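Notes follow once the structure below has been shown.
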Amino acid sequence: MGQSLFSIGRSSLLTYQQAINISGQNVSNLQNPDYTRQSSVISSNVLNNPSNISVDMSMGVNLDDVKRLRNDLLNGYFRTENNQMTKLETSQSVFEQVEFMFNELGDYSLSNTIDEFWKSWQALQEAPDDLSLRKNVLQDGGFLADSIRQKNEQLTDLAGTINSDIDYEITQINNLLEQLSDVNKNLTKSWIESSSERNQLLDRKDAILDSLSGEMDLQMVNQQDGSVNLYINGTPMFYKDTFRTLDLQADGSIKLSTGEDVTISGGKLSGYIEMRDTTIPKYQQMLSSFASNFINNVNKLHQNGYAKDGTAGLAFFSGTGASDITAAISDPEKVATALATLSSSENMNVTNRTVDSTQVISGQLDVFKTAVDDNGGSGEFTVNGVSITWDANDSIDDIIYRINNPAVAAGDPLPGVTATWNSEIQKIELVRNPFIDTTPASPDITVADVSGNFTAFTYLSTATLNKNAEGSGENALAISQLWSRKTVGSPPSWTLDEEYLSLVNTVAKDKNVLDNLTSNKQALVGNVKLQRGQETTVSLDEELIDIMKYQQSYSACSRLISIADELLTTLIQKTGAGR
Amino acid sequence: MSDNIKDNLTKYEDLQNRISNGGKLTQPSEDPLAYSYLNKMKDARTQISQYATISTKLQNDLNLYDSTLSSTAELITEIRTVAIRAANSTIDDTDRQNLANEVNEKLRSIVALGNTNVQGKYMYSGSKTTVEPFKITVDGEKITQVTYTGDSTSLHREVGFNDTMKINYTGEEVFANKGADGVNIMNEIITLRNAISSGNNTATLNQIEKMDNALNQVLGYSAVNGNKVKHLENLSNTLQELDIRYAENEDTVGSLDMATLINALNTQQTSYQATLYIAGQISKVSLLNYIQ
């Protein structure tokens, strides 16, 4: 009996001493963020006597286990959300630089440069001869091309710097993998008996896994002995006695050290990769499409006009997109400000006719039969190759209308002219419409009879094509009208300015959405961390109370020993030999 | 706790930034809708100011057309008066020659008006602005022929949103009109002078009718021009009002009212301070304070 009392006392003292040690360790790790609170599991020690089941010999208490208070469910939850949050945060930080590039509210704005370009064309149309105004147009065009190219380069450069960020992250990851491999090896060693040491290793493992979850996505399989195997895209990272690492290839893709391809969809790595491979190229594509539309629209008009030195068909810009747009002209004489016009060389005066005539009706001139070609006073002529028919019942207004609205099928070539009838001077005037391409493409106006001698009485056949009269800035006018003319889309519904602004707005909107997603995720992760912390973080008050508890138990059990001692002393002294 | 402190501090700094910018939008992503609206308005306002510049220059040109047309009309009226005096059978030959000379000189003035130019750019030449539109052939002092050497091209200018206007009149249109009641004014004046000179009163009276037509022709263009001037004035007023409205919007769209912002800043400051205070208090409360 006394024997068992000693045993009880002894086991209790040992147990409570250990318990105090563990609480003490908790307290000393108060500031350690990776530390998981440990709690002592003390249970009653029962001697197992199979032959005498009814006898219950208590042998004191035993420290069964040192429990690590960590909730694996919350762990998993935290890592999943953290994985997504770090991806968003990384995207956000890169995106801030993209937003800066497309911030039109600042002093330097590309849409201002575009507007200056249109303004210089407007100025030019008033004095198409003016050399300095011509130079302005070339200067503004060149500056615009440079600005667009520069923006494109900025985006390319940004994508390039991301590669060095990715490299850094991969180094971090490989570092963590090495540490984890080490921890795994230690955990599998069966001679790590001490629970406390095991717990430290487990804490280390959790800290590494938390960090890794912020870098990339991983699938974990926990082993029985506490070690963990990681899988990326199904490939195990730890095998045999070694581990695989990530390698950044020259073309920017990521492979495992053993050669397998890797696709990452979460963590910082994925944030960088997505910005580099998807988001930035998307904006580059939009910028290039804008540049290409700009080049094509300006060039089409420019090619349909005449320059001061009489040349036509020149392109104003060269290049196909944002990466190579440049001004193609350097000589101010070659800026095409004029449009070709063809007007009747003489007045279509009724009294000069030597043919049958009909009455002039309300200021319109009726077409009449010609004496020369007696086919009933009808015929066909072509304007830039497009056929127009006429007969004696038509008025000049009818014919003018038909030139402006030819009856051709959609997609067929058009005359590309605007026809007017100047009734004061009785002349037909045809002006090349630069917005319409002719087939073959040409800035000129050609009128020819097929039958019926239309040109004979309209005097268009004796007319000279007016190409580059110094006062004609009509093509400069046309180009400046691109400022408000809808040319983008099918059917055309936006101006070129609007296309650029929609790119800028897309960037703003995308960033806005990203910001919202990120702050939501951050709040969520913050919450999970708090919950997790409630279990794992050391609470000073609790530990102190525990310590006080164990201390009291220790004192009480030590009293047991003195009592046992007293009992035995009494027994020995009162009843033993030597009395 | 530390997350909350960081959060509050960030909000505080953001408010400060906004206030120092007068409450206006600085970051596009803060308010993408306002951002897109601000961009559109900026573009529209730039266009409006351009149209204003064009309009001012154009009004000067149109005013010049107006003055040359009204001077021409005056001259034609004077010529008509002279012609009536000349048709009076009581005047003698010397007087008649004097009157013919007067008509000749008035014709010279009209030709000069037709050849008006602004710094070398001729107004009535169509697109051949460096070419003098009317060339005269003389026989001694007498003008025998006036030839038009310009062309018939119309010139246009964009004066407002999708508003393109013809901005010139050719010498051919104004002075050599072949329309239904059209008159070649120069030729008719030459004919009139010859009729006066030769004492052909019937012819003179015929020409007086032509002068009536000529006057109507010129006044017709005066009226057309007057309409254009009015259109530009109205346009200028409309665009100005539009611009003012846009300017007001530019100030308010995406902006936050300063009073609200400053209020929010104060509240945020209080909130931030409270968070700090509580953080301080929490760390003080511990069992250690209560046990020996």
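Going through the structure tokens in order, the chains are called A, B, and so on, while each chain numbers its residues from 1 and the ligands are numbered from 1 in the order shown.
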
Practice prompt. Select all residues from chain B having any atom no more than 7 Å from an atom of chain A (counting only C-alpha atoms, ignoring ligands), output as a ChimeraX atom specification.
Written response: /B:26,28-30,32,36,127-129,155-157,172-173,177-180,182,286-287

Store the residues picked out above in a file with C-alpha atoms, as a compact mmCIF listing (two decimals), in the first residue's frame.
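Output (part_19.txt):
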```
# COMPACT_ATOMS: atom_id res chain seq x y z
CA THR B 26 -6.47 60.32 -59.64
CA PRO B 28 -8.47 55.25 -63.10
CA SER B 29 -9.26 51.98 -61.33
CA GLU B 30 -10.94 53.78 -58.43
CA PRO B 32 -13.73 53.21 -64.12
CA SER B 36 -14.34 56.72 -69.16
CA SER B 127 -9.04 76.25 -105.58
CA LYS B 128 -6.47 78.19 -107.59
CA THR B 129 -5.87 80.56 -104.73
CA LEU B 155 -13.86 74.47 -100.80
CA HIS B 156 -15.21 73.15 -97.52
CA ARG B 157 -14.41 73.28 -93.86
CA GLU B 172 -17.60 82.42 -112.00
CA GLU B 173 -20.59 81.95 -109.70
CA ASN B 177 -23.56 83.17 -113.45
CA LYS B 178 -25.27 81.17 -116.22
CA GLY B 179 -28.27 80.14 -114.21
CA ALA B 180 -31.89 80.70 -115.14
CA GLY B 182 -27.93 84.47 -114.59
CA SER B 286 -2.63 40.04 -18.73
CA LEU B 287 -2.78 37.69 -15.84
```

Item to complete: Looking only at strand (DSSP E or B) from DSSP on the backbone, list the matching residues of stretch 146-248 of chain B as a ChimeraX atom specification.
Response: /B:146-148,156-160,163-166,176,184

Worksheet item: To one decimal place, how far is atom CA of A:Gln552 from atom CA of A:Tyr16 in Å?
Response: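 Rounded to one decimal, the two atoms are 9.4 Å apart.
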
Worksheet item: Which distance in Å separates atom CA of A:Ser39 and atom CA of A:Arg68, to one decimal?
Response: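 Distance reported for this atom pair: 6.5 Å.
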
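Non-sequential neighbours of B:Thr238 (distance at most 12 Å, separation of 4 or more positions within a chain, only C-alpha atoms) are Ile48, Tyr51, Ala52, Gly160, Phe161, His231, Leu232, Glu233, Asn234, Leu242, Asp243, Ile244 and Arg245 of chain B.
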
Worksheet item: If we count only C-alpha atoms, what is near B:Asp212 at a cut-off of 10 Å, once residues fewer than 6 positions away on the same chain are taken out, given as number ranges by chain?
Response: B: 76-77, 80, 183

Take the selection from the previous step and output its residues with N, CA and C atoms, as a CSV table (one decimal), in the first residue's frame.
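Here's the written file part-v3.csv:
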```csv
chain,number,residue,atom,x,y,z
B,76,ILE,N,-22.8,98.5,-108.6
B,76,ILE,CA,-23.8,98.2,-109.7
B,76,ILE,C,-24.9,99.2,-109.6
B,77,THR,N,-25.4,99.6,-108.4
B,77,THR,CA,-26.5,100.6,-108.2
B,77,THR,C,-26.0,101.9,-108.9
B,80,ARG,N,-26.1,101.8,-112.5
B,80,ARG,CA,-27.4,101.9,-113.0
B,80,ARG,C,-27.9,103.3,-113.0
B,183,VAL,N,-26.4,86.3,-115.0
B,183,VAL,CA,-25.9,87.4,-115.8
B,183,VAL,C,-24.3,87.3,-115.7
```

Discussion item. I'd like the contact shell of A:Phe78 - 9 Å cut-off, only C-alpha atoms, skipping same-chain residues fewer than 5 positions apart - returned as JSON, numbers by chain.
Written reply: {"A": [73, 83, 210, 213, 525, 528, 529, 532]}

Discussion item. Could you go through stretch 12-232 of chain B and tell me which residues DSSP, when run on the backbone, assigns to alpha helix (DSSP H), listing them as a ChimeraX atom specification?
Written reply: /B:12-20,32-86,93-114,171-175,185-198,201-232
